[in-house]
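Encoded as structure tokens, the structure appears first; notes follow it.
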Amino acid sequence: MSTLHTVNKSPFTNRSLESCLNHCKDGDAVLMIEDGVYGGLAGTALAEMVAARAGAVKLYVLAPDAHARGLGEDRLLDGVSPVGYDGFVDLVTTHDRTQAWL
């Protein structure tokens, strides 16, 4: 059974993303939404930790939320994929359950 984890808080204001990545199982997916999209950026203090989970865990950012914050896809870590709202729906339907990290 795979889980889609959603993280909506900035990793620079709380530890939701870090906790999420520590609890994810291989085959799970993490979708960073709202201010959570900052967790998918290259060159941050958390980039190494996030990149270390890429591959075993699929990592995504909601592209409209990144764009709303002035973040281009060129700033994303390798292994982090942008998805639109239709991709969000696909992720929900292809995983057995969804876990929101608040």
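Chain labels run A, B, ... following the order of the structure tokens; each chain numbers its residues from 1, and ligands are numbered from 1 in the order shown.
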Which residues are close to region 81-95 of chain A, i.e. within 9 Å by only C-alpha atoms, leaving aside same-chain residues fewer than 3 positions away? Reply as a PDB file with N, CA, C and O atoms, in the first residue's frame.
```
ATOM      1  N   MET A   1       0.833  -1.185   0.000  1.00  0.00           N
ATOM      2  CA  MET A   1       0.000   0.000   0.000  1.00  0.00           C
ATOM      3  C   MET A   1       0.875   1.245   0.000  1.00  0.00           C
ATOM      4  O   MET A   1       1.761   1.387   0.830  1.00  0.00           O
ATOM      5  N   SER A   2       0.613   2.123  -0.934  1.00  0.00           N
ATOM      6  CA  SER A   2       1.399   3.356  -0.995  1.00  0.00           C
ATOM      7  C   SER A   2       0.570   4.532  -0.487  1.00  0.00           C
ATOM      8  O   SER A   2      -0.652   4.533  -0.549  1.00  0.00           O
ATOM      9  N   THR A   3       1.290   5.515   0.010  1.00  0.00           N
ATOM     10  CA  THR A   3       0.661   6.699   0.585  1.00  0.00           C
ATOM     11  C   THR A   3       1.136   7.945  -0.143  1.00  0.00           C
ATOM     12  O   THR A   3       2.329   8.070  -0.445  1.00  0.00           O
ATOM     13  N   LEU A   4       0.205   8.845  -0.403  1.00  0.00           N
ATOM     14  CA  LEU A   4       0.538  10.180  -0.868  1.00  0.00           C
ATOM     15  C   LEU A   4       0.562  11.079   0.359  1.00  0.00           C
ATOM     16  O   LEU A   4      -0.435  11.199   1.063  1.00  0.00           O
ATOM     17  N   ASP A  28       6.232   5.472  -1.558  1.00  0.00           N
ATOM     18  CA  ASP A  28       5.316   6.563  -1.243  1.00  0.00           C
ATOM     19  C   ASP A  28       5.648   7.776  -2.116  1.00  0.00           C
ATOM     20  O   ASP A  28       6.668   7.810  -2.806  1.00  0.00           O
ATOM     21  N   ALA A  29       4.781   8.773  -2.065  1.00  0.00           N
ATOM     22  CA  ALA A  29       5.006  10.030  -2.782  1.00  0.00           C
ATOM     23  C   ALA A  29       4.760  11.191  -1.824  1.00  0.00           C
ATOM     24  O   ALA A  29       3.922  11.098  -0.927  1.00  0.00           O
ATOM     25  N   LEU A  31       3.896  15.284  -1.957  1.00  0.00           N
ATOM     26  CA  LEU A  31       3.495  16.439  -2.751  1.00  0.00           C
ATOM     27  C   LEU A  31       3.564  17.669  -1.857  1.00  0.00           C
ATOM     28  O   LEU A  31       2.859  17.761  -0.856  1.00  0.00           O
ATOM     29  N   GLY A  40      11.086  21.908  -1.969  1.00  0.00           N
ATOM     30  CA  GLY A  40      11.581  21.312  -3.198  1.00  0.00           C
ATOM     31  C   GLY A  40      12.680  22.101  -3.885  1.00  0.00           C
ATOM     32  O   GLY A  40      13.134  21.725  -4.968  1.00  0.00           O
ATOM     33  N   LYS A  58       8.851   9.301  -4.348  1.00  0.00           N
ATOM     34  CA  LYS A  58       8.654  10.250  -5.442  1.00  0.00           C
ATOM     35  C   LYS A  58       8.288  11.608  -4.849  1.00  0.00           C
ATOM     36  O   LYS A  58       7.440  11.696  -3.965  1.00  0.00           O
ATOM     37  N   LEU A  59       8.946  12.647  -5.342  1.00  0.00           N
ATOM     38  CA  LEU A  59       8.785  13.997  -4.800  1.00  0.00           C
ATOM     39  C   LEU A  59       8.196  14.931  -5.850  1.00  0.00           C
ATOM     40  O   LEU A  59       8.648  14.959  -6.999  1.00  0.00           O
ATOM     41  N   TYR A  60       7.192  15.691  -5.426  1.00  0.00           N
ATOM     42  CA  TYR A  60       6.484  16.606  -6.325  1.00  0.00           C
ATOM     43  C   TYR A  60       6.249  17.949  -5.632  1.00  0.00           C
ATOM     44  O   TYR A  60       6.150  18.010  -4.418  1.00  0.00           O
ATOM     45  N   VAL A  61       6.143  19.003  -6.449  1.00  0.00           N
ATOM     46  CA  VAL A  61       5.631  20.281  -5.973  1.00  0.00           C
ATOM     47  C   VAL A  61       4.445  20.655  -6.850  1.00  0.00           C
ATOM     48  O   VAL A  61       4.407  20.329  -8.049  1.00  0.00           O
ATOM     49  N   LEU A  62       3.477  21.321  -6.262  1.00  0.00           N
ATOM     50  CA  LEU A  62       2.334  21.800  -7.020  1.00  0.00           C
ATOM     51  C   LEU A  62       2.774  23.063  -7.761  1.00  0.00           C
ATOM     52  O   LEU A  62       3.034  24.101  -7.144  1.00  0.00           O
ATOM     53  N   ALA A  63       2.909  22.956  -9.073  1.00  0.00           N
ATOM     54  CA  ALA A  63       3.469  24.031  -9.895  1.00  0.00           C
ATOM     55  C   ALA A  63       2.727  25.366  -9.734  1.00  0.00           C
ATOM     56  O   ALA A  63       3.394  26.406  -9.622  1.00  0.00           O
ATOM     57  N   PRO A  64       1.392  25.395  -9.707  1.00  0.00           N
ATOM     58  CA  PRO A  64       0.728  26.696  -9.529  1.00  0.00           C
ATOM     59  C   PRO A  64       1.105  27.379  -8.207  1.00  0.00           C
ATOM     60  O   PRO A  64       1.211  28.607  -8.153  1.00  0.00           O
ATOM     61  N   ALA A  66       4.040  26.998  -6.633  1.00  0.00           N
ATOM     62  CA  ALA A  66       5.413  27.479  -6.806  1.00  0.00           C
ATOM     63  C   ALA A  66       5.416  28.762  -7.625  1.00  0.00           C
ATOM     64  O   ALA A  66       6.077  29.744  -7.260  1.00  0.00           O
ATOM     65  N   GLU A  73      10.493  26.538 -12.176  1.00  0.00           N
ATOM     66  CA  GLU A  73      10.829  25.113 -12.129  1.00  0.00           C
ATOM     67  C   GLU A  73      12.328  24.880 -12.203  1.00  0.00           C
ATOM     68  O   GLU A  73      12.820  23.847 -11.758  1.00  0.00           O
ATOM     69  N   LEU A  76      14.049  23.955  -8.848  1.00  0.00           N
ATOM     70  CA  LEU A  76      13.740  22.717  -8.134  1.00  0.00           C
ATOM     71  C   LEU A  76      14.946  21.788  -8.089  1.00  0.00           C
ATOM     72  O   LEU A  76      15.770  21.752  -9.000  1.00  0.00           O
ATOM     73  N   LEU A  77      14.996  21.016  -7.024  1.00  0.00           N
ATOM     74  CA  LEU A  77      16.004  19.971  -6.888  1.00  0.00           C
ATOM     75  C   LEU A  77      15.837  18.926  -7.980  1.00  0.00           C
ATOM     76  O   LEU A  77      14.708  18.661  -8.418  1.00  0.00           O
ATOM     77  N   ASP A  78      16.935  18.299  -8.385  1.00  0.00           N
ATOM     78  CA  ASP A  78      16.829  17.134  -9.257  1.00  0.00           C
ATOM     79  C   ASP A  78      16.034  16.075  -8.509  1.00  0.00           C
ATOM     80  O   ASP A  78      16.259  15.857  -7.318  1.00  0.00           O
ATOM     81  N   THR A  98      -4.096   9.009   1.554  1.00  0.00           N
ATOM     82  CA  THR A  98      -3.453  10.309   1.577  1.00  0.00           C
ATOM     83  C   THR A  98      -3.278  10.748   3.023  1.00  0.00           C
ATOM     84  O   THR A  98      -4.196  10.624   3.827  1.00  0.00           O
TER      85      THR A  98
END
```
field: 9 Å contact set for Asp35 (chain A), only C-alpha atoms, chain neighbours under 2 positions out, as an NGL selection string
entry: :A and (7-11 or 32-33 or 37-39 or 65-66 or 69)
task: Could you find all residues in chain A that DSSP calls strand (DSSP E or B) from the backbone, and write them as a VMD selection string?
output: chain A and resid 3 to 7 29 to 32 41 54 57 to 62 76 80 to 83 97 to 101
- prompt: Which residue, A:Leu17, A:Ala42, A:Gly27, A:Phe12, has the smallest gap to Arg75 (chain A) when you use only C-alpha atoms?
  reply: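 Among A:Leu17, A:Ala42, A:Gly27, A:Phe12, it is A:Ala42 that comes nearest to Arg75 (chain A).
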- request: Using DSSP on the backbone coordinates, identify the residues of chain A assigned to alpha helix (DSSP H); present them as a PyMOL selection string.
  value: chain A and resi 16-23+47-53+63-68+85-94
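Distance check against Arg53 (chain A) using only C-alpha atoms: of A:Thr6, A:Val30, A:Arg15, A:Asp96, the minimum falls on A:Val30.
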query: For the atom pair CA of Cys24 (chain A) and CA of Gly70 (chain A), what is the interatomic distance in Å to one decimal place?
result: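 Calculated distance between CA of Cys24 (chain A) and CA of Gly70 (chain A) is 28.4 Å.
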